[in-house]
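Note: the block below is run.cif and it holds mmCIF, C-alpha atoms.
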```cif
data_data
loop_
_atom_site.group_PDB
_atom_site.id
_atom_site.type_symbol
_atom_site.label_atom_id
_atom_site.label_comp_id
_atom_site.auth_asym_id
_atom_site.auth_seq_id
_atom_site.Cartn_x
_atom_site.Cartn_y
_atom_site.Cartn_z
ATOM 1 C CA MET A 25 21.675 -89.003 12.722
ATOM 2 C CA ARG A 26 23.329 -88.189 9.414
ATOM 3 C CA THR A 27 20.149 -86.418 8.349
ATOM 4 C CA CYS A 28 20.236 -84.125 11.430
ATOM 5 C CA LEU A 29 23.900 -83.268 10.913
ATOM 6 C CA PHE A 30 23.228 -82.447 7.273
ATOM 7 C CA ALA A 31 20.326 -80.152 8.227
ATOM 8 C CA LEU A 32 22.443 -78.319 10.819
ATOM 9 C CA ALA A 33 25.186 -77.791 8.238
ATOM 10 C CA ILE A 34 22.714 -76.241 5.796
ATOM 11 C CA ILE A 35 21.322 -73.871 8.479
ATOM 12 C CA ALA A 36 24.833 -72.776 9.487
ATOM 13 C CA SER A 37 25.699 -72.108 5.847
ATOM 14 C CA LEU A 38 22.574 -69.989 5.267
ATOM 15 C CA SER A 39 23.172 -68.015 8.440
ATOM 16 C CA SER A 40 26.741 -67.282 7.434
ATOM 17 C CA SER A 41 25.634 -66.119 3.949
ATOM 18 C CA ALA A 42 22.952 -63.821 5.409
ATOM 19 C CA THR A 43 25.458 -62.264 7.796
ATOM 20 C CA ALA A 44 27.916 -61.643 4.982
ATOM 21 C CA SER A 45 25.186 -60.097 2.817
ATOM 22 C CA TRP A 46 24.035 -57.753 5.606
ATOM 23 C CA SER A 47 27.614 -56.670 6.320
ATOM 24 C CA SER A 48 28.091 -55.939 2.634
ATOM 25 C CA ARG A 49 24.912 -53.820 2.495
ATOM 26 C CA SER A 50 25.860 -51.958 5.656
ATOM 27 C CA SER A 51 29.236 -51.043 4.191
ATOM 28 C CA VAL A 52 27.523 -49.605 1.086
ATOM 29 C CA VAL A 53 24.719 -47.666 2.825
ATOM 30 C CA SER A 54 26.720 -46.139 5.678
ATOM 31 C CA PRO A 55 28.485 -42.900 4.615
ATOM 32 C CA PRO A 56 32.242 -42.720 5.056
ATOM 33 C CA SER A 57 33.489 -41.394 8.370
ATOM 34 C CA PHE A 58 35.050 -38.253 6.806
ATOM 35 C CA VAL A 59 31.629 -37.221 5.369
ATOM 36 C CA MET A 60 30.073 -37.463 8.808
ATOM 37 C CA ALA A 61 32.948 -35.408 10.185
ATOM 38 C CA ILE A 62 32.321 -32.635 7.624
ATOM 39 C CA ARG A 63 28.617 -32.578 8.364
ATOM 40 C CA GLY A 64 29.244 -32.422 12.068
ATOM 41 C CA GLY A 65 31.741 -29.610 11.634
ATOM 42 C CA ALA A 66 29.378 -27.578 9.444
ATOM 43 C CA ASN A 67 26.537 -27.939 11.941
ATOM 44 C CA GLU A 68 28.842 -26.926 14.766
ATOM 45 C CA TYR A 69 29.954 -23.754 13.004
ATOM 46 C CA GLU A 70 26.418 -22.880 11.892
ATOM 47 C CA THR A 71 25.200 -23.149 15.474
ATOM 48 C CA LYS A 72 27.929 -20.867 16.772
ATOM 49 C CA PHE A 73 27.459 -18.317 13.988
ATOM 50 C CA GLU A 74 23.676 -18.379 14.446
ATOM 51 C CA THR A 75 24.072 -17.609 18.157
ATOM 52 C CA VAL A 76 26.297 -14.625 17.416
ATOM 53 C CA LYS A 77 23.971 -13.421 14.653
ATOM 54 C CA SER A 78 20.923 -13.524 16.930
ATOM 55 C CA SER A 79 22.732 -11.536 19.612
ATOM 56 C CA VAL A 80 23.815 -8.856 17.117
ATOM 57 C CA ILE A 81 20.311 -8.568 15.641
ATOM 58 C CA GLU A 82 18.817 -8.112 19.097
ATOM 59 C CA LYS A 83 21.085 -5.128 19.782
ATOM 60 C CA ALA A 84 20.502 -3.543 16.374
ATOM 61 C CA SER A 85 16.728 -3.974 16.698
ATOM 62 C CA LYS A 86 16.661 -1.454 19.543
ATOM 63 C CA LYS A 87 18.023 1.268 17.257
ATOM 64 C CA ILE A 88 15.602 0.280 14.506
ATOM 65 C CA GLU A 89 12.714 0.521 16.973
ATOM 66 C CA ASP A 90 13.774 4.067 17.926
ATOM 67 C CA ALA A 91 13.648 5.059 14.255
ATOM 68 C CA ARG A 92 10.283 3.357 13.829
ATOM 69 C CA ARG A 93 8.739 5.367 16.669
ATOM 70 C CA LYS A 94 9.862 8.650 15.114
ATOM 71 C CA ILE A 95 8.820 7.875 11.548
ATOM 72 C CA VAL A 96 5.683 5.772 12.062
ATOM 73 C CA ASP A 97 4.262 6.794 15.431
ATOM 74 C CA GLU A 98 5.243 10.469 15.379
ATOM 75 C CA ASN A 99 5.128 10.989 11.586
ATOM 76 C CA SER A 100 8.486 12.739 11.870
ATOM 77 C CA ILE A 101 11.185 12.872 9.205
ATOM 78 C CA ILE A 102 14.704 11.807 10.208
ATOM 79 C CA PRO A 103 16.990 14.088 8.135
ATOM 80 C CA ASP A 104 19.953 11.688 7.938
ATOM 81 C CA PHE A 105 18.044 8.402 7.949
ATOM 82 C CA GLY A 106 20.187 6.931 5.175
ATOM 83 C CA ALA A 107 23.400 7.484 7.144
ATOM 84 C CA GLN A 108 21.802 6.116 10.314
ATOM 85 C CA ALA A 109 20.619 2.973 8.514
ATOM 86 C CA GLU A 110 24.091 2.477 7.050
ATOM 87 C CA GLN A 111 25.642 2.876 10.494
ATOM 88 C CA ILE A 112 23.266 0.355 12.081
ATOM 89 C CA ILE A 113 24.151 -2.336 9.556
ATOM 90 C CA SER A 114 27.884 -1.537 9.476
ATOM 91 C CA THR A 115 28.091 -1.718 13.258
ATOM 92 C CA ALA A 116 26.221 -5.022 13.273
ATOM 93 C CA ILE A 117 28.545 -6.525 10.654
ATOM 94 C CA GLU A 118 31.630 -5.373 12.556
ATOM 95 C CA GLU A 119 30.312 -6.817 15.810
ATOM 96 C CA PHE A 120 29.515 -10.128 14.116
ATOM 97 C CA SER A 121 33.029 -10.253 12.666
ATOM 98 C CA ARG A 122 34.592 -9.663 16.085
ATOM 99 C CA SER A 123 32.375 -12.108 17.975
ATOM 100 C CA ALA A 124 32.174 -14.982 15.480
ATOM 101 C CA PRO A 125 34.609 -17.900 15.871
ATOM 102 C CA SER A 126 37.681 -17.829 13.656
ATOM 103 C CA THR A 127 37.286 -19.795 10.443
ATOM 104 C CA SER A 128 41.037 -20.050 9.716
ATOM 105 C CA ASP A 129 41.491 -21.936 6.438
ATOM 106 C CA ASP A 130 38.473 -24.161 6.993
ATOM 107 C CA THR A 131 36.357 -24.081 3.822
ATOM 108 C CA VAL A 132 33.271 -25.400 5.589
ATOM 109 C CA ALA A 133 33.540 -22.783 8.323
ATOM 110 C CA SER A 134 34.157 -19.976 5.786
ATOM 111 C CA THR A 135 31.053 -20.949 3.843
ATOM 112 C CA ALA A 136 28.914 -20.990 6.980
ATOM 113 C CA TYR A 137 30.369 -17.626 8.034
ATOM 114 C CA ALA A 138 29.582 -15.968 4.693
ATOM 115 C CA LEU A 139 26.036 -17.354 4.778
ATOM 116 C CA LYS A 140 25.296 -16.012 8.262
ATOM 117 C CA LEU A 141 26.844 -12.642 7.426
ATOM 118 C CA SER A 142 24.574 -12.340 4.400
ATOM 119 C CA GLU A 143 21.553 -13.362 6.480
ATOM 120 C CA LEU A 144 22.464 -10.727 9.070
ATOM 121 C CA GLU A 145 22.512 -7.875 6.560
ATOM 122 C CA THR A 146 19.276 -9.040 4.902
ATOM 123 C CA THR A 147 17.494 -9.358 8.242
ATOM 124 C CA LEU A 148 18.407 -5.803 9.271
ATOM 125 C CA ASP A 149 17.942 -4.252 5.833
ATOM 126 C CA ALA A 150 14.305 -5.394 5.510
ATOM 127 C CA PRO A 151 12.738 -3.381 8.390
ATOM 128 C CA LEU A 152 14.958 -0.395 7.618
ATOM 129 C CA GLN A 153 13.720 -0.362 4.029
ATOM 130 C CA VAL A 154 10.116 -0.405 5.262
ATOM 131 C CA LEU A 155 10.874 2.706 7.342
ATOM 132 C CA TYR A 156 12.615 4.231 4.327
ATOM 133 C CA LEU A 157 9.491 3.858 2.201
ATOM 134 C CA ARG A 158 7.377 5.373 4.974
ATOM 135 C CA GLN A 159 9.741 8.341 5.213
ATOM 136 C CA LEU A 160 9.568 8.824 1.441
ATOM 137 C CA ALA A 161 5.784 9.082 1.734
ATOM 138 C CA LEU A 162 6.190 11.787 4.393
ATOM 139 C CA LEU A 163 8.696 13.650 2.214
ATOM 140 C CA ARG A 164 6.331 13.435 -0.743
ATOM 141 C CA GLU A 165 3.430 14.902 1.227
ATOM 142 C CA GLN A 166 5.683 17.646 2.576
ATOM 143 C CA ALA A 167 6.852 18.590 -0.921
ATOM 144 C CA LEU A 168 3.291 18.521 -2.252
ATOM 145 C CA SER A 169 2.155 20.833 0.539
ATOM 146 C CA SER A 170 4.982 23.245 -0.308
ATOM 147 C CA TYR A 171 3.969 23.189 -3.969
ATOM 148 C CA ARG A 172 0.343 23.983 -3.209
ATOM 149 C CA SER A 173 1.277 26.832 -0.905
ATOM 150 C CA ALA A 174 3.725 28.295 -3.422
ATOM 151 C CA SER A 175 1.276 28.085 -6.303
ATOM 152 C CA LYS A 176 -1.389 29.950 -4.292
ATOM 153 C CA ALA A 177 0.744 32.520 -2.485
ATOM 154 C CA SER A 178 2.939 33.724 -5.342
ATOM 155 C CA GLU A 179 2.524 34.793 -8.936
ATOM 156 C CA SER A 180 5.180 32.331 -10.120
ATOM 157 C CA SER A 181 4.162 29.755 -12.649
ATOM 158 C CA ASP A 182 3.085 26.245 -11.690
ATOM 159 C CA TYR A 183 6.165 24.944 -13.477
ATOM 160 C CA GLU A 184 8.502 26.874 -11.180
ATOM 161 C CA ALA A 185 6.574 25.725 -8.124
ATOM 162 C CA MET A 186 6.839 22.140 -9.358
ATOM 163 C CA LEU A 187 10.601 22.433 -9.800
ATOM 164 C CA ALA A 188 11.021 23.782 -6.282
ATOM 165 C CA ALA A 189 8.871 21.011 -4.760
ATOM 166 C CA ASP A 190 10.660 18.312 -6.748
ATOM 167 C CA ALA A 191 14.052 19.623 -5.629
ATOM 168 C CA GLN A 192 12.871 19.647 -2.028
ATOM 169 C CA PHE A 193 11.773 16.003 -2.253
ATOM 170 C CA LEU A 194 14.998 15.024 -4.020
ATOM 171 C CA ARG A 195 17.174 16.456 -1.237
ATOM 172 C CA GLY A 196 15.231 14.629 1.445
ATOM 173 C CA ALA A 197 15.086 11.348 -0.492
ATOM 174 C CA GLU A 198 18.821 11.290 -1.176
ATOM 175 C CA SER A 199 19.689 11.884 2.475
ATOM 176 C CA SER A 200 17.261 9.105 3.439
ATOM 177 C CA THR A 201 18.735 6.506 1.082
ATOM 178 C CA ARG A 202 21.223 3.937 2.350
ATOM 179 C CA LYS A 203 24.104 4.256 -0.102
ATOM 180 C CA SER A 204 25.253 0.615 -0.192
ATOM 181 C CA SER A 205 21.766 -0.737 -0.754
ATOM 182 C CA ALA A 206 19.338 -1.249 -3.605
ATOM 183 C CA TRP A 207 16.906 1.312 -2.167
ATOM 184 C CA THR A 208 15.370 3.694 -4.694
ATOM 185 C CA TYR A 209 12.960 6.630 -4.540
ATOM 186 C CA ASP A 210 12.075 6.717 -8.249
ATOM 187 C CA SER A 211 8.512 5.493 -7.726
ATOM 188 C CA GLU A 212 7.687 8.050 -5.017
ATOM 189 C CA ARG A 213 9.221 10.867 -7.028
ATOM 190 C CA SER A 214 7.223 9.889 -10.104
ATOM 191 C CA HIS A 215 4.045 9.779 -8.012
ATOM 192 C CA LEU A 216 4.751 13.262 -6.652
ATOM 193 C CA GLN A 217 5.225 14.668 -10.152
ATOM 194 C CA ASN A 218 1.998 13.072 -11.377
ATOM 195 C CA VAL A 219 0.021 14.515 -8.462
ATOM 196 C CA MET A 220 1.448 17.992 -9.071
ATOM 197 C CA ASN A 221 0.604 17.792 -12.778
ATOM 198 C CA GLU A 222 -2.963 16.777 -12.001
ATOM 199 C CA PHE A 223 -3.263 19.574 -9.448
ATOM 200 C CA ALA A 224 -1.935 22.097 -11.966
ATOM 201 C CA GLN A 225 -4.398 20.955 -14.624
ATOM 202 C CA THR A 226 -7.303 21.175 -12.186
ATOM 203 C CA THR A 227 -6.225 24.647 -11.090
ATOM 204 C CA LYS A 228 -5.954 25.745 -14.714
ATOM 205 C CA LYS A 229 -9.471 24.525 -15.468
ATOM 206 C CA LEU A 230 -10.852 26.321 -12.416
ATOM 207 C CA THR A 231 -9.108 29.523 -13.463
ATOM 208 C CA GLU A 232 -10.483 29.272 -16.988
ATOM 209 C CA THR A 233 -13.968 28.666 -15.583
ATOM 210 C CA ARG A 234 -13.693 31.758 -13.352
ATOM 211 C CA ILE A 235 -12.511 33.865 -16.280
ATOM 212 C CA GLN A 236 -15.377 32.673 -18.461
ATOM 213 C CA SER A 237 -17.852 33.315 -15.672
ATOM 214 C CA SER A 238 -16.434 36.793 -15.134
ATOM 215 C CA GLN A 239 -16.629 37.533 -18.842
ATOM 216 C CA GLN A 240 -20.234 36.365 -18.946
ATOM 217 C CA GLN A 241 -21.109 38.568 -15.971
ATOM 218 C CA SER A 242 -19.391 41.509 -17.604
ATOM 219 C CA THR A 243 -21.323 40.921 -20.825
ATOM 220 C CA ALA A 244 -24.581 40.713 -18.903
ATOM 221 C CA MET A 245 -23.850 43.968 -17.072
ATOM 222 C CA GLN A 246 -23.032 45.696 -20.340
ATOM 223 C CA PHE A 247 -26.286 44.434 -21.798
ATOM 224 C CA LEU A 248 -28.274 45.719 -18.807
ATOM 225 C CA GLN A 249 -26.547 49.092 -18.960
ATOM 226 C CA HIS A 250 -27.310 49.328 -22.679
ATOM 227 C CA GLN A 251 -30.954 48.475 -22.036
ATOM 228 C CA GLN A 252 -31.154 51.090 -19.313
ATOM 229 C CA GLN A 253 -29.705 53.730 -21.639
ATOM 230 C CA MET A 254 -32.265 52.854 -24.309
ATOM 231 C CA ILE A 255 -35.099 53.177 -21.797
ATOM 232 C CA GLN A 256 -33.833 56.557 -20.676
ATOM 233 C CA GLN A 257 -33.612 57.763 -24.276
ATOM 234 C CA LEU A 258 -37.200 56.660 -24.967
ATOM 235 C CA GLN A 259 -38.397 58.407 -21.842
ATOM 236 C CA MET A 260 -36.692 61.609 -22.906
ATOM 237 C CA GLN A 261 -38.287 61.407 -26.327
ATOM 238 C CA LEU A 262 -41.732 60.803 -24.844
ATOM 239 C CA TYR A 263 -41.653 63.345 -22.047
ATOM 240 C CA GLY A 264 -39.085 65.753 -23.444
ATOM 241 C CA GLN A 265 -37.215 65.673 -20.165
ATOM 242 C CA SER A 266 -35.377 63.383 -17.826
ATOM 243 C CA SER A 267 -37.226 60.507 -16.330
ATOM 244 C CA PRO A 268 -38.966 61.251 -13.042
ATOM 245 C CA TRP A 269 -37.644 57.878 -11.789
#
```

So, in terms of structure tokens, how does the structure I just supplied come out?
Amino acid sequence: MRTCLFALAIIASLSSSATASWSSRSSVVSPPSFVMAIRGGANEYETKFETVKSSVIEKASKKIEDARRKIVDENSIIPDFGAQAEQIISTAIEEFSRSAPSTSDDTVASTAYALKLSELETTLDAPLQVLYLRQLALLREQALSSYRSASKASESSDYEAMLAADAQFLRGAESSTRKSSAWTYDSERSHLQNVMNEFAQTTKKLTETRIQSSQQQSTAMQFLQHQQQMIQQLQMQLYGQSSPW
């Protein structure tokens, strides 16, 4: 009997120790209640801001699609594309600011707001920049065509024609650039200048080849005329009169 009571006492003691140990571990592993509250608040704000952001992007995408049809499908140049792109993003940011929940003095909410606002601008800027690069290519081809026409139709130098074409591209590129962005047309402008230089060099070589060919033909004609004169002189000496031929 004493043995049984002793055994039960030991079991009860072990059980009590295990329970205390588990409670101690649980208190260490479980995060404090205020941390969970912060996480829950951040997720709540992010969800609300994400919903507003998606709605704003959907509206702005319609305007971007209209620009895409003109530039890509129709190969048309939009004269004030830079201003239009700026307006699309500015309007989207303003709409997000109006529709997003107030952050008050909540640091967590302010951080989530700033993040979604940045994501909004980046999301809209990317497709607009793709259209910008496509429009630059159209402007480059247009300027190159003007240069070729000017260099063939007028007596002005290639250098003057290059300056006019470069100025034409520059005007179009500047009006196509979104001012508050990192967009740049330096690469396309450099490519245009390289193509014009190559074209000018090729044209110069062709002109020199034509001149040399013309000079050679002129020399050959002079030689033939000289030979004909010598034959006529010999005939006159032999027959004492003009050639019957």

Tell me, as a short mmCIF file (atom, residue, chain, number, x, y, z; two decimals) with C-alpha atoms, in the coordinates of the input, which residues lie within 8 Å of Ala185 (chain A), counting only C-alpha atoms; anything in the same chain fewer than 4 positions away does not count.
```
data_model
loop_
_atom_site.label_atom_id
_atom_site.label_comp_id
_atom_site.auth_asym_id
_atom_site.auth_seq_id
_atom_site.Cartn_x
_atom_site.Cartn_y
_atom_site.Cartn_z
CA TYR A 171 3.97 23.19 -3.97
CA ALA A 174 3.72 28.30 -3.42
CA SER A 175 1.28 28.08 -6.30
CA SER A 180 5.18 32.33 -10.12
CA SER A 181 4.16 29.76 -12.65
CA ALA A 189 8.87 21.01 -4.76
#
```

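Nearest-residue note for Phe73 (chain A): choosing from A:Glu89, A:Asp129, A:Asp97, A:Glu143, the minimum distance belongs to A:Glu143, counting all atoms listed in the file.
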
Please write the residues picked by the PyMOL selection byres ((chain A and resi 136-141) around 8) on this file as a list in words. Ala66, Tyr69, Glu70, Phe73, Glu74, Lys77, Ile117, Phe120, Thr127, Val132, Ala133, Ser134, Thr135, Ser142, Glu143, Leu144 and Glu145 of chain A

Could you dump the residues just selected with C-alpha atoms as an mmCIF file, keeping the file's coordinate frame?
```cif
data_model
loop_
_atom_site.group_PDB
_atom_site.id
_atom_site.type_symbol
_atom_site.label_atom_id
_atom_site.label_comp_id
_atom_site.auth_asym_id
_atom_site.auth_seq_id
_atom_site.Cartn_x
_atom_site.Cartn_y
_atom_site.Cartn_z
ATOM 1 C CA ALA A 66 29.378 -27.578 9.444
ATOM 2 C CA TYR A 69 29.954 -23.754 13.004
ATOM 3 C CA GLU A 70 26.418 -22.880 11.892
ATOM 4 C CA PHE A 73 27.459 -18.317 13.988
ATOM 5 C CA GLU A 74 23.676 -18.379 14.446
ATOM 6 C CA LYS A 77 23.971 -13.421 14.653
ATOM 7 C CA ILE A 117 28.545 -6.525 10.654
ATOM 8 C CA PHE A 120 29.515 -10.128 14.116
ATOM 9 C CA THR A 127 37.286 -19.795 10.443
ATOM 10 C CA VAL A 132 33.271 -25.400 5.589
ATOM 11 C CA ALA A 133 33.540 -22.783 8.323
ATOM 12 C CA SER A 134 34.157 -19.976 5.786
ATOM 13 C CA THR A 135 31.053 -20.949 3.843
ATOM 14 C CA SER A 142 24.574 -12.340 4.400
ATOM 15 C CA GLU A 143 21.553 -13.362 6.480
ATOM 16 C CA LEU A 144 22.464 -10.727 9.070
ATOM 17 C CA GLU A 145 22.512 -7.875 6.560
#
```

Determine the residue membership of the PyMOL selection byres ((chain A and resi 215-223) around 12) for the file above and supply it as JSON, numbers by chain. {"A": [160, 161, 162, 163, 164, 165, 166, 167, 168, 169, 170, 171, 172, 174, 175, 176, 182, 183, 184, 185, 186, 187, 188, 189, 190, 191, 192, 193, 194, 209, 210, 211, 212, 213, 214, 224, 225, 226, 227, 228, 229, 230]}

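Closest approach to Thr146 (chain A) among A:Ile95, A:Ala197, A:Ala206, A:Ala124: A:Ala206, based on all atoms listed in the file.
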
Please put the answer as lines of an AutoDock Vina configuration file: centre and edge lengths, in Å with one decimal, of a box along x, y and z that encloses all listed atoms of region 69-73 of chain A plus 6 Å on each side.
```
center_x = 27.6
center_y = -21.0
center_z = 14.3
size_x = 16.8
size_y = 17.4
size_z = 16.9
```

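The space between CA of Pro151 (chain A) and CA of Ile88 (chain A) spans 7.7 Å.
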
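CA of Pro103 (chain A) is positioned 9.7 Å from CA of Arg195 (chain A).
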
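Taking all atoms listed in the file into account, Leu148 (chain A) lies nearest to A:Ile112 out of the set A:Val96, A:Ile112, A:Ala107, A:Ile255.
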
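When CA of Ile113 (chain A) is paired with CA of Thr201 (chain A), their separation reads 13.4 Å.
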
Output the residue selection produced by the PyMOL selection byres ((chain A and resi 81) around 8) on the file above, formatted as a ChimeraX atom specification. /A:77-80,82-85,116,144,147-148

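All residues of protein, DNA or RNA that reach within 10 Å of Phe105 (chain A), judged by all atoms listed in the file and not counting those fewer than 2 positions away in the chain, are A:Ala91, A:Ile95, A:Ile101, A:Ile102, A:Pro103, A:Ala107, A:Gln108, A:Ala109, A:Glu110, A:Gln111, A:Leu152, A:Leu155, A:Tyr156, A:Gln159, A:Gly196, A:Ala197, A:Glu198, A:Ser199, A:Ser200, A:Thr201, A:Arg202.
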
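Of the listed residues (A:Glu98, A:Lys87, A:Ser205, A:Arg92), A:Lys87 comes nearest to Thr115 (chain A); the distances count all atoms listed in the file.
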
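Closest approach to Arg158 (chain A) among A:Ser114, A:Gln261, A:Ser128, A:Ser100 is made by A:Ser100 (distances from all atoms listed in the file).
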